[in-house]
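With mmCIF, C-alpha atoms and all ligand atoms inside, this is final10.cif:
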```cif
data_structure
#
loop_
_atom_site.group_PDB
_atom_site.id
_atom_site.type_symbol
_atom_site.label_atom_id
_atom_site.label_comp_id
_atom_site.auth_asym_id
_atom_site.auth_seq_id
_atom_site.Cartn_x
_atom_site.Cartn_y
_atom_site.Cartn_z
ATOM 1 C CA MET A 75 3.248 -66.259 -30.853
ATOM 2 C CA TYR A 76 6.391 -64.182 -30.824
ATOM 3 C CA THR A 77 7.403 -61.232 -32.885
ATOM 4 C CA PHE A 78 10.552 -61.854 -34.933
ATOM 5 C CA LEU A 79 12.693 -59.874 -32.471
ATOM 6 C CA GLU A 80 11.214 -61.750 -29.495
ATOM 7 C CA LEU A 81 12.172 -65.032 -31.177
ATOM 8 C CA ILE A 82 15.696 -63.759 -31.815
ATOM 9 C CA LYS A 83 16.026 -62.742 -28.159
ATOM 10 C CA LYS A 84 14.685 -66.057 -26.921
ATOM 11 C CA ARG A 85 17.086 -68.233 -28.935
ATOM 12 C CA ARG A 86 20.062 -69.300 -26.854
ATOM 13 C CA SER A 87 22.417 -72.212 -27.400
ATOM 14 C CA ILE A 88 21.068 -75.211 -25.505
ATOM 15 C CA ARG A 89 23.421 -78.039 -24.594
ATOM 16 C CA LYS A 90 21.372 -79.955 -22.011
ATOM 17 C CA PHE A 91 18.467 -81.889 -23.386
ATOM 18 C CA GLU A 92 15.614 -83.982 -22.082
ATOM 19 C CA ASP A 93 15.588 -87.636 -23.020
ATOM 20 C CA LYS A 94 12.617 -87.240 -25.333
ATOM 21 C CA LYS A 95 12.166 -87.864 -29.041
ATOM 22 C CA ILE A 96 11.293 -85.005 -31.363
ATOM 23 C CA PRO A 97 8.361 -86.025 -33.591
ATOM 24 C CA GLN A 98 9.299 -86.391 -37.263
ATOM 25 C CA GLU A 99 6.750 -83.736 -38.318
ATOM 26 C CA GLN A 100 8.464 -81.234 -36.020
ATOM 27 C CA ILE A 101 11.836 -81.967 -37.600
ATOM 28 C CA LYS A 102 10.246 -81.465 -41.001
ATOM 29 C CA GLU A 103 8.830 -78.119 -39.874
ATOM 30 C CA ILE A 104 12.277 -77.101 -38.639
ATOM 31 C CA LEU A 105 13.771 -77.925 -42.047
ATOM 32 C CA LYS A 106 11.208 -75.959 -44.074
ATOM 33 C CA PRO A 107 12.757 -72.485 -43.544
ATOM 34 C CA ALA A 108 16.197 -73.892 -44.420
ATOM 35 C CA LEU A 109 14.850 -75.261 -47.688
ATOM 36 C CA LEU A 110 13.488 -71.810 -48.548
ATOM 37 C CA SER A 111 16.427 -69.771 -47.324
ATOM 38 C CA PRO A 112 18.170 -67.355 -49.668
ATOM 39 C CA SER A 113 21.215 -68.544 -51.585
ATOM 40 C CA SER A 114 23.539 -66.934 -54.087
ATOM 41 C CA LYS A 115 22.120 -67.221 -57.621
ATOM 42 C CA SER A 116 19.421 -69.335 -55.969
ATOM 43 C CA LYS A 117 21.652 -72.375 -56.344
ATOM 44 C CA ARG A 118 20.655 -73.939 -53.033
ATOM 45 C CA PRO A 119 23.950 -75.853 -52.892
ATOM 46 C CA TRP A 120 23.020 -77.694 -49.704
ATOM 47 C CA LYS A 121 21.903 -81.011 -48.299
ATOM 48 C CA PHE A 122 20.606 -81.683 -44.818
ATOM 49 C CA ILE A 123 21.110 -85.041 -43.136
ATOM 50 C CA VAL A 124 18.950 -85.770 -40.105
ATOM 51 C CA THR A 125 20.199 -88.307 -37.600
ATOM 52 C CA GLU A 126 18.641 -89.701 -34.452
ATOM 53 C CA GLU A 127 20.781 -92.813 -34.091
ATOM 54 C CA SER A 128 22.688 -92.798 -30.821
ATOM 55 C CA GLU A 129 25.888 -94.214 -32.401
ATOM 56 C CA LYS A 130 25.908 -91.422 -34.964
ATOM 57 C CA LEU A 131 25.218 -88.755 -32.317
ATOM 58 C CA GLU A 132 28.106 -90.164 -30.327
ATOM 59 C CA LEU A 133 30.368 -90.064 -33.344
ATOM 60 C CA ILE A 134 29.558 -86.362 -33.817
ATOM 61 C CA ALA A 135 30.201 -85.788 -30.101
ATOM 62 C CA LYS A 136 33.668 -87.293 -30.494
ATOM 63 C CA CYS A 137 34.732 -85.857 -33.838
ATOM 64 C CA LYS A 138 36.425 -82.869 -32.171
ATOM 65 C CA PRO A 139 37.790 -82.363 -28.659
ATOM 66 C CA PHE A 140 35.837 -79.220 -27.728
ATOM 67 C CA GLY A 141 32.279 -78.033 -28.134
ATOM 68 C CA ALA A 142 30.618 -81.241 -29.274
ATOM 69 C CA LYS A 143 30.399 -83.628 -26.290
ATOM 70 C CA PHE A 144 26.823 -82.672 -25.480
ATOM 71 C CA VAL A 145 25.647 -83.993 -28.851
ATOM 72 C CA THR A 146 25.544 -87.473 -27.282
ATOM 73 C CA ASP A 147 22.463 -86.360 -25.329
ATOM 74 C CA ALA A 148 20.731 -84.593 -28.207
ATOM 75 C CA SER A 149 17.486 -86.086 -29.490
ATOM 76 C CA ALA A 150 18.485 -85.426 -33.072
ATOM 77 C CA ALA A 151 21.073 -83.619 -35.118
ATOM 78 C CA ILE A 152 21.008 -82.054 -38.555
ATOM 79 C CA LEU A 153 24.197 -82.056 -40.609
ATOM 80 C CA ILE A 154 24.441 -79.078 -42.947
ATOM 81 C CA LEU A 155 26.341 -79.925 -46.097
ATOM 82 C CA GLY A 156 27.395 -77.648 -48.924
ATOM 83 C CA ASN A 157 28.758 -78.378 -52.358
ATOM 84 C CA SER A 158 31.732 -76.262 -53.419
ATOM 85 C CA GLU A 159 31.335 -77.404 -57.033
ATOM 86 C CA GLN A 160 27.790 -76.071 -57.120
ATOM 87 C CA SER A 161 28.601 -72.714 -55.545
ATOM 88 C CA ASP A 162 31.717 -70.741 -54.629
ATOM 89 C CA VAL A 163 29.805 -69.221 -51.721
ATOM 90 C CA TRP A 164 28.347 -72.427 -50.301
ATOM 91 C CA ILE A 165 29.624 -71.468 -46.841
ATOM 92 C CA GLU A 166 27.546 -68.303 -46.752
ATOM 93 C CA ASP A 167 24.513 -70.096 -48.168
ATOM 94 C CA CYS A 168 24.766 -72.898 -45.633
ATOM 95 C CA ALA A 169 25.377 -70.496 -42.739
ATOM 96 C CA VAL A 170 22.132 -68.691 -43.537
ATOM 97 C CA ALA A 171 20.268 -72.015 -43.660
ATOM 98 C CA THR A 172 21.848 -73.128 -40.376
ATOM 99 C CA THR A 173 20.705 -69.964 -38.633
ATOM 100 C CA LEU A 174 17.171 -70.471 -39.890
ATOM 101 C CA ILE A 175 17.181 -74.056 -38.592
ATOM 102 C CA GLN A 176 18.062 -72.751 -35.125
ATOM 103 C CA LEU A 177 15.335 -70.115 -35.233
ATOM 104 C CA ALA A 178 12.753 -72.574 -36.524
ATOM 105 C CA ALA A 179 13.636 -74.920 -33.666
ATOM 106 C CA GLU A 180 13.316 -72.097 -31.148
ATOM 107 C CA GLU A 181 9.912 -71.188 -32.506
ATOM 108 C CA LYS A 182 8.829 -74.699 -31.449
ATOM 109 C CA ASN A 183 10.617 -74.250 -28.120
ATOM 110 C CA ILE A 184 13.115 -76.913 -29.156
ATOM 111 C CA GLY A 185 16.654 -76.183 -28.012
ATOM 112 C CA SER A 186 19.560 -76.172 -30.425
ATOM 113 C CA THR A 187 23.259 -75.485 -30.717
ATOM 114 C CA TRP A 188 25.455 -74.936 -33.748
ATOM 115 C CA VAL A 189 28.380 -77.365 -33.676
ATOM 116 C CA GLN A 190 31.130 -76.212 -35.998
ATOM 117 C CA ILE A 191 32.603 -78.957 -38.183
ATOM 118 C CA ARG A 192 34.352 -77.120 -41.024
ATOM 119 C CA LYS A 193 37.986 -76.376 -40.116
ATOM 120 C CA ARG A 194 37.806 -78.445 -36.928
ATOM 121 C CA LYS A 195 39.996 -81.473 -36.184
ATOM 122 C CA ASN A 196 39.921 -84.372 -33.760
ATOM 123 C CA GLU A 197 42.676 -84.970 -31.195
ATOM 124 C CA GLU A 198 44.792 -86.838 -33.766
ATOM 125 C CA GLY A 199 44.602 -83.928 -36.177
ATOM 126 C CA GLU A 200 42.147 -85.584 -38.537
ATOM 127 C CA PRO A 201 39.524 -83.213 -39.932
ATOM 128 C CA ALA A 202 36.204 -83.697 -38.114
ATOM 129 C CA GLU A 203 34.583 -83.507 -41.517
ATOM 130 C CA ASN A 204 36.391 -86.605 -42.802
ATOM 131 C CA ILE A 205 35.315 -88.655 -39.793
ATOM 132 C CA LEU A 206 31.677 -87.778 -40.371
ATOM 133 C CA LYS A 207 31.841 -88.056 -44.153
ATOM 134 C CA GLU A 208 32.798 -91.694 -43.921
ATOM 135 C CA SER A 209 30.046 -92.720 -41.508
ATOM 136 C CA PHE A 210 27.323 -90.768 -43.254
ATOM 137 C CA ASP A 211 28.328 -91.930 -46.776
ATOM 138 C CA ILE A 212 28.898 -88.368 -47.924
ATOM 139 C CA PRO A 213 30.373 -88.068 -51.445
ATOM 140 C CA GLU A 214 33.727 -86.341 -52.028
ATOM 141 C CA SER A 215 32.297 -83.135 -53.537
ATOM 142 C CA TRP A 216 30.256 -82.348 -50.426
ATOM 143 C CA ASN A 217 31.547 -80.444 -47.399
ATOM 144 C CA ILE A 218 30.124 -80.299 -43.908
ATOM 145 C CA LEU A 219 29.719 -76.818 -42.498
ATOM 146 C CA ALA A 220 28.132 -77.653 -39.171
ATOM 147 C CA VAL A 221 25.813 -79.850 -37.211
ATOM 148 C CA VAL A 222 22.817 -78.471 -35.347
ATOM 149 C CA ALA A 223 22.099 -80.484 -32.209
ATOM 150 C CA LEU A 224 18.416 -80.524 -31.277
ATOM 151 C CA GLY A 225 16.403 -81.507 -28.236
ATOM 152 C CA TYR A 226 13.837 -80.409 -25.703
ATOM 153 C CA LYS A 227 15.466 -78.031 -23.235
ATOM 154 C CA GLN A 228 16.264 -79.276 -19.746
ATOM 155 C CA LYS A 229 16.197 -75.668 -18.646
ATOM 156 C CA GLU A 230 15.177 -72.423 -20.297
ATOM 157 C CA ARG A 231 18.068 -69.983 -20.587
ATOM 158 C CA SER A 232 17.521 -66.291 -20.055
ATOM 159 C CA SER A 233 16.536 -64.396 -23.151
ATOM 160 C CA TYR A 234 18.584 -61.586 -24.577
ATOM 161 C CA SER A 235 17.364 -58.071 -23.918
ATOM 162 C CA ASP A 236 17.835 -54.719 -25.620
ATOM 163 C CA ASP A 237 20.826 -54.184 -23.293
ATOM 164 C CA ASP A 238 22.697 -57.012 -25.044
ATOM 165 C CA MET A 239 22.711 -55.117 -28.328
ATOM 166 C CA GLU A 240 26.137 -53.615 -28.990
ATOM 167 C CA TRP A 241 25.109 -50.491 -30.791
ATOM 168 C CA ASP A 242 28.727 -49.315 -30.990
ATOM 169 C CA LYS A 243 29.088 -51.938 -33.745
ATOM 170 C CA VAL A 244 26.789 -49.860 -35.922
ATOM 171 C CA SER A 245 27.769 -46.665 -37.680
ATOM 172 C CA TYR A 246 26.297 -44.606 -40.438
ATOM 173 C CA GLU A 247 27.925 -43.522 -43.676
ATOM 174 C CA LYS A 248 31.470 -44.113 -42.347
ATOM 175 C CA PHE A 249 33.310 -46.786 -40.330
HETATM 176 C C1 LIG B 301 29.836 -70.335 -36.503
HETATM 177 C C2 LIG B 301 29.475 -70.838 -35.126
HETATM 178 C C3 LIG B 301 30.137 -71.926 -34.609
HETATM 179 C C4 LIG B 301 29.792 -72.435 -33.343
HETATM 180 N N1 LIG B 301 30.399 -73.576 -32.912
HETATM 181 C C5 LIG B 301 30.019 -74.106 -31.734
HETATM 182 C C6 LIG B 301 30.524 -75.366 -31.324
HETATM 183 O O1 LIG B 301 31.293 -76.012 -32.037
HETATM 184 N N2 LIG B 301 30.133 -75.849 -30.127
HETATM 185 C C7 LIG B 301 29.247 -75.171 -29.318
HETATM 186 O O2 LIG B 301 28.946 -75.672 -28.237
HETATM 187 N N3 LIG B 301 28.728 -73.972 -29.687
HETATM 188 C C8 LIG B 301 29.083 -73.447 -30.880
HETATM 189 N N4 LIG B 301 28.495 -72.273 -31.306
HETATM 190 C C9 LIG B 301 27.538 -71.576 -30.452
HETATM 191 C C10 LIG B 301 28.149 -70.336 -29.812
HETATM 192 O O3 LIG B 301 29.042 -70.730 -28.808
HETATM 193 C C11 LIG B 301 27.009 -69.471 -29.250
HETATM 194 O O4 LIG B 301 26.162 -69.083 -30.292
HETATM 195 C C12 LIG B 301 27.554 -68.218 -28.550
HETATM 196 O O5 LIG B 301 28.279 -68.569 -27.394
HETATM 197 C C13 LIG B 301 26.429 -67.259 -28.145
HETATM 198 O O6 LIG B 301 25.500 -67.914 -27.286
HETATM 199 P P1 LIG B 301 23.960 -68.053 -27.681
HETATM 200 O O7 LIG B 301 23.874 -68.969 -28.882
HETATM 201 O O8 LIG B 301 23.299 -68.620 -26.490
HETATM 202 O O9 LIG B 301 23.468 -66.691 -28.052
HETATM 203 C C14 LIG B 301 28.804 -71.775 -32.568
HETATM 204 C C15 LIG B 301 28.145 -70.674 -33.100
HETATM 205 C C16 LIG B 301 28.444 -70.230 -34.370
HETATM 206 C C17 LIG B 301 27.651 -69.091 -34.960
#
```
With the file now loaded, output its structure as structure tokens.
Ligand SMILES: Cc1cc2nc3c(=O)[nH]c(=O)nc-3n(C[C@H](O)[C@H](O)[C@H](O)COP(=O)(O)O)c2cc1C
Amino acid sequence: MYTFLELIKKRRSIRKFEDKKIPQEQIKEILKPALLSPSSKSKRPWKFIVTEESEKLELIAKCKPFGAKFVTDASAAILILGNSEQSDVWIEDCAVATTLIQLAAEEKNIGSTWVQIRKRKNEEGEPAENILKESFDIPESWNILAVVALGYKQKERSSYSDDDMEWDKVSYEKF
């Protein structure tokens, strides 16, 4: 078992995965913290779509030119959706949930990477979100913040240490 800080240090973005399925119960465990994460006015304006289908993973990999290719080799991906009609701060709410998904995965030694979808476009200038919305049957009022790619790590990356903490970003009482 890790302390919370040890878990935080251990989590690194993983983009190379083993060709191995993640058991459904593990995916469920990974989603539990997200479903309990804090949200403004406790509105929980989110939805999580799990995909394991290779065509869908490939579609995610191709929905933007940079930073998504590795999703083809992921064992699963979770799309994090937020509803702007349900909350004006759905982005913040969904970002918190996304972070917890990554930490929950790490706790099970499952690698993950946040793949940004909101504000990203494909090579033709079409929003990545629109491409995914169509294939995943996502209604108009829902937005996609990100996708978390998941899989067993091909290689462990080095953990963060206390030296990686930029304490000059912290001040007291004044900027
Ligand atoms: C809001 C956000 C968007 C990100 N988008 C991507 C992405 O589209 N593709 C990717 O490979 N990594 C993405 N990342 C992962 C970052 O590149 C990564 O967290 C950063 O380089 C630090 O590395 P670490 O996660 O190993 O600590 C994103 C991370 C955040 C928080």
Sort by chain and increasing residue number a table of all residues of chain A within 9 Å of ligand LIG 301 (chain B), each with its closest pair of atoms and their distance in Å to one decimal, counting only C-alpha atoms and all ligand atoms, and write it as a tab-separated table.
```
residue	atom	partner	partner_atom	distance
A:Lys83	CA	B:LIG301	O9	8.4
A:Lys84	CA	B:LIG301	O9	8.9
A:Arg85	CA	B:LIG301	O9	6.6
A:Arg86	CA	B:LIG301	O8	3.3
A:Ser87	CA	B:LIG301	O8	3.8
A:Ile88	CA	B:LIG301	O8	7.0
A:Arg89	CA	B:LIG301	O2	7.0
A:Lys138	CA	B:LIG301	O1	8.6
A:Phe140	CA	B:LIG301	O1	7.0
A:Gly141	CA	B:LIG301	N2	3.7
A:Ala142	CA	B:LIG301	N2	5.5
A:Lys143	CA	B:LIG301	O2	8.3
A:Phe144	CA	B:LIG301	O2	7.8
A:Val145	CA	B:LIG301	O2	9.0
A:Ala169	CA	B:LIG301	C1	7.7
A:Thr172	CA	B:LIG301	C17	8.9
A:Thr173	CA	B:LIG301	C17	7.9
A:Ser186	CA	B:LIG301	O7	8.5
A:Thr187	CA	B:LIG301	N3	5.8
A:Trp188	CA	B:LIG301	N4	4.7
A:Val189	CA	B:LIG301	O1	3.6
A:Gln190	CA	B:LIG301	O1	4.0
A:Ile191	CA	B:LIG301	O1	6.9
A:Arg194	CA	B:LIG301	O1	8.5
A:Leu219	CA	B:LIG301	C1	8.8
A:Ala220	CA	B:LIG301	C3	7.6
A:Val221	CA	B:LIG301	O1	8.5
A:Arg231	CA	B:LIG301	O8	8.0
A:Ser232	CA	B:LIG301	O8	9.0
A:Ser233	CA	B:LIG301	O8	8.6
A:Tyr234	CA	B:LIG301	O9	7.9
```
For Ile205 in chain A, which residue out of A:Asp167, A:Lys182, A:Cys137, A:Ser149 is the nearest one, using only C-alpha atoms? A:Cys137
Output the residue selection produced by the PyMOL selection byres (((chain A and resi 132) around 10) and not hetatm) on the file above, formatted as a PyMOL selection string. chain A and resi 127-131+133-137+142-148
Residues near Ala150 in chain A, cut-off 8 Å, all atoms listed in the file, skip fewer than 6 positions along chain, as a ChimeraX atom specification: /A:95-96,124-127,131,223-225
Nearest candidate to Leu155 in chain A (options A:Asp242, A:Glu99, A:Glu214, A:Glu180; using only C-alpha atoms): A:Glu214
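With only C-alpha atoms as the atoms that count, the residue of A:Asn217, A:Asn196, A:Ser235, A:Asn204 with the shortest distance to Gln160 in chain A is A:Asn217.
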Using all atoms listed in the file, the residue out of A:Ile175, A:Ala202, A:Lys229, A:Lys195 with shortest distance to Glu103 in chain A is A:Ile175
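Atom pair CA of Leu81 in chain A / CA of Lys121 in chain A: separated by 25.4 Å.
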Selection in question (the file shown): the PyMOL selection byres (((chain A and resi 110) around 12) and not hetatm). Which residues does it include, as a list in words?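 This file, filtered by the PyMOL selection byres (((chain A and resi 110) around 12) and not hetatm), leaves Glu103, Ile104, Leu105, Lys106, Pro107, Ala108, Leu109, Ser111, Pro112, Ser113, Ser116, Lys117, Arg118, Trp120, Asp167, Cys168, Val170, Ala171, Thr172, Leu174 and Ile175 of chain A.
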By how many Å are CA of Ile101 in chain A and CA of Ala179 in chain A apart?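 Atom-to-atom, CA of Ile101 in chain A to CA of Ala179 in chain A, that is 8.3 Å.
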Atom pair CA of Ile212 in chain A + CA of Gln176 in chain A, distance 22.9 Å
Where's the centre, and what are the edge lengths in Å to one decimal, of a box along x, y and z enclosing all listed atoms of range 231-248 of chain A padded 6 Å per side, as JSON?
```
{"center_x": 24.0, "center_y": -56.8, "center_z": -31.9, "size_x": 26.9, "size_y": 38.5, "size_z": 35.6}
```
Which residues would end up in the selection if the PyMOL selection byres (((chain A and resi 161) around 9) and not hetatm) were applied here, given that I need the answer as a list in words? Ser114, Lys115, Lys117, Arg118, Pro119, Gly156, Asn157, Ser158, Glu159, Gln160, Asp162, Val163, Trp164, Ile165 and Asp167 of chain A
Go ahead and write the residues just picked, C-alpha atoms, as a short mmCIF file (atom, residue, chain, number, x, y, z; two decimals), keeping the file's coordinate frame.
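Result file selection02.cif:
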```cif
data_model
loop_
_atom_site.label_atom_id
_atom_site.label_comp_id
_atom_site.auth_asym_id
_atom_site.auth_seq_id
_atom_site.Cartn_x
_atom_site.Cartn_y
_atom_site.Cartn_z
CA SER A 114 23.54 -66.93 -54.09
CA LYS A 115 22.12 -67.22 -57.62
CA LYS A 117 21.65 -72.38 -56.34
CA ARG A 118 20.66 -73.94 -53.03
CA PRO A 119 23.95 -75.85 -52.89
CA GLY A 156 27.40 -77.65 -48.92
CA ASN A 157 28.76 -78.38 -52.36
CA SER A 158 31.73 -76.26 -53.42
CA GLU A 159 31.34 -77.40 -57.03
CA GLN A 160 27.79 -76.07 -57.12
CA ASP A 162 31.72 -70.74 -54.63
CA VAL A 163 29.80 -69.22 -51.72
CA TRP A 164 28.35 -72.43 -50.30
CA ILE A 165 29.62 -71.47 -46.84
CA ASP A 167 24.51 -70.10 -48.17
#
```
Counting only C-alpha atoms, which of A:Phe249, A:Gly185, A:Arg192, A:Pro213 gets nearest to Phe91 in chain A? A:Gly185
Between A:Asp236, A:Glu247, A:Glu203, A:Glu181, which residue has the minimum interatomic distance to Ile154 in chain A, considering only C-alpha atoms?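 Checking each candidate against Ile154 in chain A, we get A:Glu203 as the closest.
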Can you rebuild range 195-221 of chain A with N, CA and C atoms and give it as a PDB file, in the coordinates of the input?
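Final file, selection31.pdb:
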```pdb
ATOM      1  N   LYS A 195      39.275 -80.201 -36.110  1.00  0.00           N
ATOM      2  CA  LYS A 195      39.996 -81.473 -36.184  1.00  0.00           C
ATOM      3  C   LYS A 195      39.792 -82.263 -34.911  1.00  0.00           C
ATOM      4  N   ASN A 196      39.972 -83.574 -34.993  1.00  0.00           N
ATOM      5  CA  ASN A 196      39.921 -84.372 -33.760  1.00  0.00           C
ATOM      6  C   ASN A 196      41.294 -84.317 -33.069  1.00  0.00           C
ATOM      7  N   GLU A 197      41.429 -85.052 -31.969  1.00  0.00           N
ATOM      8  CA  GLU A 197      42.676 -84.970 -31.195  1.00  0.00           C
ATOM      9  C   GLU A 197      43.903 -85.434 -31.981  1.00  0.00           C
ATOM     10  N   GLU A 198      43.675 -86.313 -32.951  1.00  0.00           N
ATOM     11  CA  GLU A 198      44.792 -86.838 -33.766  1.00  0.00           C
ATOM     12  C   GLU A 198      45.087 -85.936 -34.964  1.00  0.00           C
ATOM     13  N   GLY A 199      44.363 -84.865 -35.075  1.00  0.00           N
ATOM     14  CA  GLY A 199      44.602 -83.928 -36.177  1.00  0.00           C
ATOM     15  C   GLY A 199      43.839 -84.265 -37.442  1.00  0.00           C
ATOM     16  N   GLU A 200      42.939 -85.250 -37.350  1.00  0.00           N
ATOM     17  CA  GLU A 200      42.147 -85.584 -38.537  1.00  0.00           C
ATOM     18  C   GLU A 200      40.939 -84.645 -38.637  1.00  0.00           C
ATOM     19  N   PRO A 201      40.680 -84.112 -39.825  1.00  0.00           N
ATOM     20  CA  PRO A 201      39.524 -83.213 -39.932  1.00  0.00           C
ATOM     21  C   PRO A 201      38.228 -83.888 -39.476  1.00  0.00           C
ATOM     22  N   ALA A 202      37.481 -83.178 -38.636  1.00  0.00           N
ATOM     23  CA  ALA A 202      36.204 -83.697 -38.114  1.00  0.00           C
ATOM     24  C   ALA A 202      35.293 -84.083 -39.281  1.00  0.00           C
ATOM     25  N   GLU A 203      35.403 -83.289 -40.333  1.00  0.00           N
ATOM     26  CA  GLU A 203      34.583 -83.507 -41.517  1.00  0.00           C
ATOM     27  C   GLU A 203      34.813 -84.904 -42.119  1.00  0.00           C
ATOM     28  N   ASN A 204      36.075 -85.297 -42.191  1.00  0.00           N
ATOM     29  CA  ASN A 204      36.391 -86.605 -42.802  1.00  0.00           C
ATOM     30  C   ASN A 204      35.801 -87.754 -41.997  1.00  0.00           C
ATOM     31  N   ILE A 205      35.832 -87.598 -40.665  1.00  0.00           N
ATOM     32  CA  ILE A 205      35.315 -88.655 -39.793  1.00  0.00           C
ATOM     33  C   ILE A 205      33.818 -88.828 -40.062  1.00  0.00           C
ATOM     34  N   LEU A 206      33.127 -87.705 -40.158  1.00  0.00           N
ATOM     35  CA  LEU A 206      31.677 -87.778 -40.371  1.00  0.00           C
ATOM     36  C   LEU A 206      31.339 -88.197 -41.796  1.00  0.00           C
ATOM     37  N   LYS A 207      32.127 -87.749 -42.744  1.00  0.00           N
ATOM     38  CA  LYS A 207      31.841 -88.056 -44.153  1.00  0.00           C
ATOM     39  C   LYS A 207      31.807 -89.561 -44.380  1.00  0.00           C
ATOM     40  N   GLU A 208      32.720 -90.241 -43.741  1.00  0.00           N
ATOM     41  CA  GLU A 208      32.798 -91.694 -43.921  1.00  0.00           C
ATOM     42  C   GLU A 208      31.539 -92.379 -43.373  1.00  0.00           C
ATOM     43  N   SER A 209      31.174 -92.027 -42.145  1.00  0.00           N
ATOM     44  CA  SER A 209      30.046 -92.720 -41.508  1.00  0.00           C
ATOM     45  C   SER A 209      28.696 -92.360 -42.113  1.00  0.00           C
ATOM     46  N   PHE A 210      28.609 -91.179 -42.688  1.00  0.00           N
ATOM     47  CA  PHE A 210      27.323 -90.768 -43.254  1.00  0.00           C
ATOM     48  C   PHE A 210      27.273 -90.960 -44.777  1.00  0.00           C
ATOM     49  N   ASP A 211      28.287 -91.646 -45.320  1.00  0.00           N
ATOM     50  CA  ASP A 211      28.328 -91.930 -46.776  1.00  0.00           C
ATOM     51  C   ASP A 211      28.234 -90.654 -47.611  1.00  0.00           C
ATOM     52  N   ILE A 212      28.980 -89.657 -47.217  1.00  0.00           N
ATOM     53  CA  ILE A 212      28.898 -88.368 -47.924  1.00  0.00           C
ATOM     54  C   ILE A 212      29.916 -88.352 -49.071  1.00  0.00           C
ATOM     55  N   PRO A 213      29.457 -88.073 -50.296  1.00  0.00           N
ATOM     56  CA  PRO A 213      30.373 -88.068 -51.445  1.00  0.00           C
ATOM     57  C   PRO A 213      31.454 -86.986 -51.334  1.00  0.00           C
ATOM     58  N   GLU A 214      32.542 -87.200 -52.041  1.00  0.00           N
ATOM     59  CA  GLU A 214      33.727 -86.341 -52.028  1.00  0.00           C
ATOM     60  C   GLU A 214      33.413 -84.851 -52.232  1.00  0.00           C
ATOM     61  N   SER A 215      32.534 -84.539 -53.171  1.00  0.00           N
ATOM     62  CA  SER A 215      32.297 -83.135 -53.537  1.00  0.00           C
ATOM     63  C   SER A 215      31.484 -82.350 -52.494  1.00  0.00           C
ATOM     64  N   TRP A 216      31.043 -83.036 -51.457  1.00  0.00           N
ATOM     65  CA  TRP A 216      30.256 -82.348 -50.426  1.00  0.00           C
ATOM     66  C   TRP A 216      31.095 -82.039 -49.202  1.00  0.00           C
ATOM     67  N   ASN A 217      30.846 -80.872 -48.618  1.00  0.00           N
ATOM     68  CA  ASN A 217      31.547 -80.444 -47.399  1.00  0.00           C
ATOM     69  C   ASN A 217      30.531 -80.317 -46.277  1.00  0.00           C
ATOM     70  N   ILE A 218      31.034 -80.485 -45.055  1.00  0.00           N
ATOM     71  CA  ILE A 218      30.124 -80.299 -43.908  1.00  0.00           C
ATOM     72  C   ILE A 218      30.473 -78.980 -43.234  1.00  0.00           C
ATOM     73  N   LEU A 219      29.497 -78.094 -43.193  1.00  0.00           N
ATOM     74  CA  LEU A 219      29.719 -76.818 -42.498  1.00  0.00           C
ATOM     75  C   LEU A 219      29.590 -77.012 -40.997  1.00  0.00           C
ATOM     76  N   ALA A 220      28.476 -77.597 -40.591  1.00  0.00           N
ATOM     77  CA  ALA A 220      28.132 -77.653 -39.171  1.00  0.00           C
ATOM     78  C   ALA A 220      27.098 -78.738 -38.924  1.00  0.00           C
ATOM     79  N   VAL A 221      26.895 -78.981 -37.648  1.00  0.00           N
ATOM     80  CA  VAL A 221      25.813 -79.850 -37.211  1.00  0.00           C
ATOM     81  C   VAL A 221      24.972 -79.012 -36.258  1.00  0.00           C
TER      82      VAL A 221
END
```
